Every structure is written in C-alpha cells, then in structure tokens.
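Text of protein-v5.csv, listed as CSV, C-alpha atoms:
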chain,number,residue,atom,x,y,z
A,1296,MET,CA,17.3,1.3,-5.9
A,1297,ARG,CA,16.7,-2.1,-4.4
A,1298,ILE,CA,13.7,-4.1,-3.4
A,1299,GLU,CA,13.6,-6.5,-0.5
A,1300,SER,CA,11.3,-8.3,1.9
A,1301,LEU,CA,10.8,-6.4,5.2
A,1302,TYR,CA,11.0,-7.9,8.6
A,1303,SER,CA,11.1,-6.8,12.3
A,1304,PRO,CA,14.3,-4.8,12.0
A,1305,HIS,CA,12.6,-2.7,9.3
A,1306,LYS,CA,9.6,-1.7,11.4
A,1307,PRO,CA,11.0,1.5,12.9
A,1308,ALA,CA,11.8,2.7,9.3
A,1309,MET,CA,8.3,1.7,8.2
A,1310,ARG,CA,6.7,3.6,11.2
A,1311,GLU,CA,8.9,6.7,10.4
A,1312,LEU,CA,7.7,6.6,6.7
A,1313,VAL,CA,4.0,6.5,7.8
A,1314,GLU,CA,4.7,9.3,10.3
A,1315,ALA,CA,6.2,11.4,7.5
A,1316,ILE,CA,3.0,10.9,5.5
A,1317,HIS,CA,0.9,11.9,8.5
A,1318,GLN,CA,3.0,15.0,9.0
A,1319,GLN,CA,2.6,16.0,5.4
A,1320,GLY,CA,-1.2,15.6,5.4
A,1321,GLY,CA,-2.4,14.7,8.8
A,1322,LEU,CA,-4.5,11.6,9.4
A,1323,LEU,CA,-6.4,12.0,6.2
A,1324,PRO,CA,-9.1,9.4,5.6
A,1325,GLN,CA,-7.3,8.4,2.4
A,1326,PHE,CA,-4.3,7.3,4.6
A,1327,TYR,CA,-5.6,6.7,8.1
A,1328,TRP,CA,-3.0,4.6,10.0
A,1329,PRO,CA,-2.9,5.5,13.6
A,1330,THR,CA,0.0,4.0,15.6
A,1331,GLU,CA,-1.9,1.1,17.2
A,1332,MET,CA,-3.7,0.2,13.9
A,1333,LEU,CA,-0.3,0.2,12.0
A,1334,GLY,CA,1.3,-1.9,14.7
A,1335,ALA,CA,-1.4,-4.5,14.5
A,1336,GLU,CA,-1.2,-4.6,10.7
A,1337,MET,CA,2.6,-4.9,10.6
A,1338,ALA,CA,2.4,-7.7,13.1
A,1339,THR,CA,0.1,-9.8,10.9
A,1340,ALA,CA,1.1,-8.9,7.3
A,1341,GLU,CA,4.0,-9.6,5.1
A,1342,ALA,CA,5.9,-6.6,3.7
A,1343,VAL,CA,8.1,-5.7,0.7
A,1344,GLY,CA,10.0,-2.4,0.4
A,1345,ILE,CA,11.9,-0.3,-2.0
A,1346,PHE,CA,15.0,1.6,-1.0
A,1347,GLU,CA,16.9,4.5,-2.3
A,1348,GLY,CA,20.4,4.1,-0.9
A,1349,GLU,CA,19.8,3.2,2.7
A,1350,ASP,CA,16.4,5.0,2.9
A,1351,LEU,CA,13.1,3.1,2.8
A,1352,ALA,CA,11.3,5.0,0.0
A,1353,GLY,CA,8.1,2.9,0.1
A,1354,PHE,CA,6.5,-0.3,1.1
A,1355,ILE,CA,3.5,-2.6,0.7
A,1356,LEU,CA,1.8,-4.7,3.3
A,1357,TYR,CA,-0.1,-7.7,2.1
A,1358,ARG,CA,-1.5,-11.0,3.4
A,1359,GLU,CA,-2.6,-14.3,2.0
A,1360,VAL,CA,-6.3,-14.9,1.9
A,1361,PRO,CA,-8.0,-17.9,0.2
A,1362,ASP,CA,-7.1,-17.9,-3.4
A,1363,ALA,CA,-5.7,-14.4,-3.4
A,1364,TRP,CA,-3.3,-11.8,-1.9
A,1365,GLU,CA,-4.8,-8.8,-0.2
A,1366,ILE,CA,-2.8,-5.6,-0.2
A,1367,SER,CA,-3.6,-3.6,3.0
A,1368,LEU,CA,-1.2,-0.7,2.8
A,1369,VAL,CA,0.7,1.0,0.1
A,1370,ALA,CA,2.9,3.8,1.3
A,1371,THR,CA,5.6,6.1,-0.3
A,1372,HIS,CA,7.7,8.5,1.7
A,1373,PRO,CA,6.8,12.1,0.7
A,1374,ARG,CA,10.4,12.7,-0.4
A,1375,PHE,CA,10.2,9.9,-2.9
A,1376,GLN,CA,6.7,10.5,-4.3
A,1377,ARG,CA,6.0,11.0,-8.0
A,1378,ARG,CA,9.2,9.2,-9.0
A,1379,GLY,CA,7.7,5.9,-10.2
A,1380,LEU,CA,9.1,3.9,-7.3
A,1381,MET,CA,5.7,2.5,-6.2
A,1382,GLU,CA,5.0,1.4,-9.8
A,1383,ILE,CA,8.3,-0.5,-9.7
A,1384,LEU,CA,7.5,-2.1,-6.3
A,1385,MET,CA,3.9,-3.0,-7.3
A,1386,ARG,CA,5.2,-4.6,-10.5
A,1387,HIS,CA,7.6,-6.6,-8.4
A,1388,LEU,CA,4.8,-7.8,-6.1
A,1389,ILE,CA,2.6,-8.7,-9.0
A,1390,ALA,CA,5.4,-10.8,-10.6
A,1391,ALA,CA,6.2,-12.4,-7.3
A,1392,LYS,CA,2.7,-13.1,-5.9
A,1393,GLY,CA,0.3,-12.6,-8.7
A,1394,GLN,CA,1.1,-15.8,-10.7
A,1395,GLY,CA,-2.1,-17.7,-10.7
A,1396,ARG,CA,-3.6,-15.7,-7.8
A,1397,GLU,CA,-5.5,-12.5,-7.7
A,1398,LEU,CA,-4.3,-9.4,-5.8
A,1399,TRP,CA,-6.9,-7.3,-4.1
A,1400,LEU,CA,-6.8,-3.8,-2.7
A,1401,GLU,CA,-9.0,-0.9,-1.8
A,1402,VAL,CA,-8.5,2.8,-2.3
A,1403,HIS,CA,-10.3,5.9,-1.2
A,1404,GLU,CA,-12.5,7.3,-4.0
A,1405,SER,CA,-10.6,10.6,-4.0
A,1406,ASN,CA,-7.2,9.1,-4.4
A,1407,HIS,CA,-7.1,9.5,-8.2
A,1408,SER,CA,-3.4,9.1,-8.6
A,1409,ALA,CA,-3.4,5.7,-6.9
A,1410,GLN,CA,-6.4,4.6,-9.0
A,1411,LYS,CA,-4.5,5.6,-12.2
A,1412,LEU,CA,-1.5,3.6,-11.0
A,1413,TYR,CA,-3.5,0.5,-10.2
A,1414,GLU,CA,-5.3,0.6,-13.5
A,1415,LYS,CA,-2.0,1.1,-15.4
A,1416,LEU,CA,-0.8,-2.1,-13.7
A,1417,GLY,CA,-3.8,-4.1,-14.8
A,1418,PHE,CA,-6.1,-3.8,-11.7
A,1419,LYS,CA,-9.8,-3.6,-12.5
A,1420,LEU,CA,-12.5,-1.9,-10.5
A,1421,THR,CA,-14.6,-4.8,-9.1
A,1422,GLY,CA,-16.7,-3.2,-6.4
A,1423,ARG,CA,-17.4,-0.4,-4.0
A,1424,ARG,CA,-17.8,-0.1,-0.2
A,1425,PRO,CA,-20.0,2.9,0.5
A,1426,ARG,CA,-19.3,5.0,3.6
A,1427,TYR,CA,-16.2,2.8,4.3
A,1428,TYR,CA,-13.8,5.5,5.3
A,1429,LYS,CA,-14.0,7.7,8.4
A,1430,ASP,CA,-15.0,10.7,6.3
A,1431,GLY,CA,-18.0,8.7,4.8
A,1432,ALA,CA,-16.3,8.2,1.5
A,1433,THR,CA,-16.5,5.1,-0.6
A,1434,ALA,CA,-13.7,2.5,-0.9
A,1435,LEU,CA,-13.1,1.4,-4.4
A,1436,LEU,CA,-12.2,-2.3,-4.7
A,1437,TYR,CA,-9.7,-3.4,-7.3
A,1438,SER,CA,-8.3,-6.8,-8.3
A,1439,CYS,CA,-5.6,-7.9,-10.6
A,1440,PRO,CA,-6.0,-11.3,-12.2

Have the structure of the file written as structure tokens, please.
Amino acid sequence: MRIESLYSPHKPAMRELVEAIHQQGGLLPQFYWPTEMLGAEMATAEAVGIFEGEDLAGFILYREVPDAWEISLVATHPRFQRRGLMEILMRHLIAAKGQGRELWLEVHESNHSAQKLYEKLGFKLTGRRPRYYKDGATALLYSCP
C-alpha cells in the first residue's frame, strides 16, 4: 500500500474507479458523479490516492477555501471497500492538510458507513442542507478542526 498525490496521468484510473462504483450501484444520489461533473471537479481540485500494488484503490478530491480545505469527493473502488484503506487515506490527508485548518465535507444522510468513519476520525456534524441531493435527501455537513 502506498499513498501519493494524483495528477493528470492518474485521471484515467480515477475515472475507471468512479465508473466501477457506478456499475456497482448506478448513479445513486449518494455518489452522483456523471462524467462531465467528474471531469470539471478533477480539473479544479487537488487529489491524493491510495494504491494496492499498481491499482488505485481509492482517492480524495479536495480544494483550498478561505481558512479551510473542502473535501469534494471520497471514492473507494468496490474491490477494495471495507478494508480500512479510506481511513488510512483520510488520516493522511488530515495530517497533511488539517494542521491549523479545518477540513470540510458533506455526506448523504443515508451513507451511515461514511458518517461513522468521519466521526471516528474526529469530524463533527456542523450543519445540514435539506433537499440537497437529487433524490431530495439532506446533505450532512461535517468539519474536522
């Protein structure tokens, strides 16, 4: 396992990982990243990934905002889910970027496993965005001091 910053040469692997998630569950509101939306996000955000051998197992997209880092996408390939890799990657990002700055993210209200992970990592529920997702569900806002 290794962690590294992701750049343009990694974008095909990032797209393949998102496509694998879509194939597993379709374009669920909890993970709604159509191709054009993903491309725009990857063009403007920074990325860090975790690899198993040569395979990209997961990645996080994030960007700097005033006084904080906003996490816009957290994705784990279905083959590597439930192995603790995202916890390792999130801890890496918190250590690298969270010193003296908050990290922010939002999560679909039905994504209980992600909520448990974020809370385990020290994120606190700070707000809600009602009817935020395509299915009318609420986005839960979390921050990590």

Worksheet item: In terms of the shortest atom-to-atom distance over all atoms listed in the file, which of A:Trp1328, A:Ala1315, A:Trp1399, A:Gly1344 is closest to Arg1374 of chain A?
Response: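 Of A:Trp1328, A:Ala1315, A:Trp1399, A:Gly1344, the one nearest Arg1374 of chain A, counting all atoms listed in the file, is A:Ala1315.
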
Item to complete: Would you list the contacts of Asp1350 of chain A as number ranges by chain, taking every protein, DNA or RNA residue within 10 Å and counting only C-alpha atoms, but skipping same-chain residues closer than 5 positions in sequence?
Response: A: 1296, 1308, 1312, 1345, 1372, 1375

Item to complete: Counting all atoms listed in the file, figure out which residue out of A:Val1343, A:Val1313, A:Arg1377, A:Gln1318 gets nearest to Thr1330 of chain A.
Response: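 Of A:Val1343, A:Val1313, A:Arg1377, A:Gln1318, the one nearest Thr1330 of chain A is A:Val1313, counting all atoms listed in the file.
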
Worksheet item: When you draw a straight line from atom CA of Phe1418 of chain A to atom CA of Glu1397 of chain A, how long is it in Å?
Response: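 So the two atoms, atom CA of Phe1418 of chain A and atom CA of Glu1397 of chain A, lie 9.6 Å apart.
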
Fill in: Long-range neighbours of segment 1392-1396 of chain A as JSON, numbers by chain, 10 Å cut-off, only C-alpha atoms, 3 positions minimum in chain
{"A": [1359, 1361, 1362, 1363, 1364, 1386, 1387, 1388, 1389, 1399, 1439, 1440]}

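Here atom CA of Gly1353 of chain A and atom CA of Lys1429 of chain A stand 24.1 Å from one another.
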
Exercise: Thr1421 of chain A partners within 7 Å, all atoms listed in the file, chain neighbours under 5 positions left out, as a PDB file with C-alpha atoms, keeping the file's coordinate frame:
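Wrote around18.pdb, looks like this:
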ATOM      1  CA  LEU A1436     -12.200  -2.300  -4.700  1.00  0.00           C
ATOM      2  CA  TYR A1437      -9.700  -3.400  -7.300  1.00  0.00           C
ATOM      3  CA  SER A1438      -8.300  -6.800  -8.300  1.00  0.00           C
TER       4      SER A1438
END

Practice prompt. Point out the residue among A:Ala1409, A:Leu1416, A:Gly1348, A:Ser1300 with the least atom-to-atom distance to Gln1376 of chain A, counting all atoms listed in the file.
Written response: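 The closest residue to Gln1376 of chain A is A:Ala1409.
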
Worksheet item: By how many Å are atom CA of Tyr1327 of chain A and atom CA of Leu1368 of chain A apart?
Response: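 Separating atom CA of Tyr1327 of chain A from atom CA of Leu1368 of chain A is a distance of 10.1 Å.
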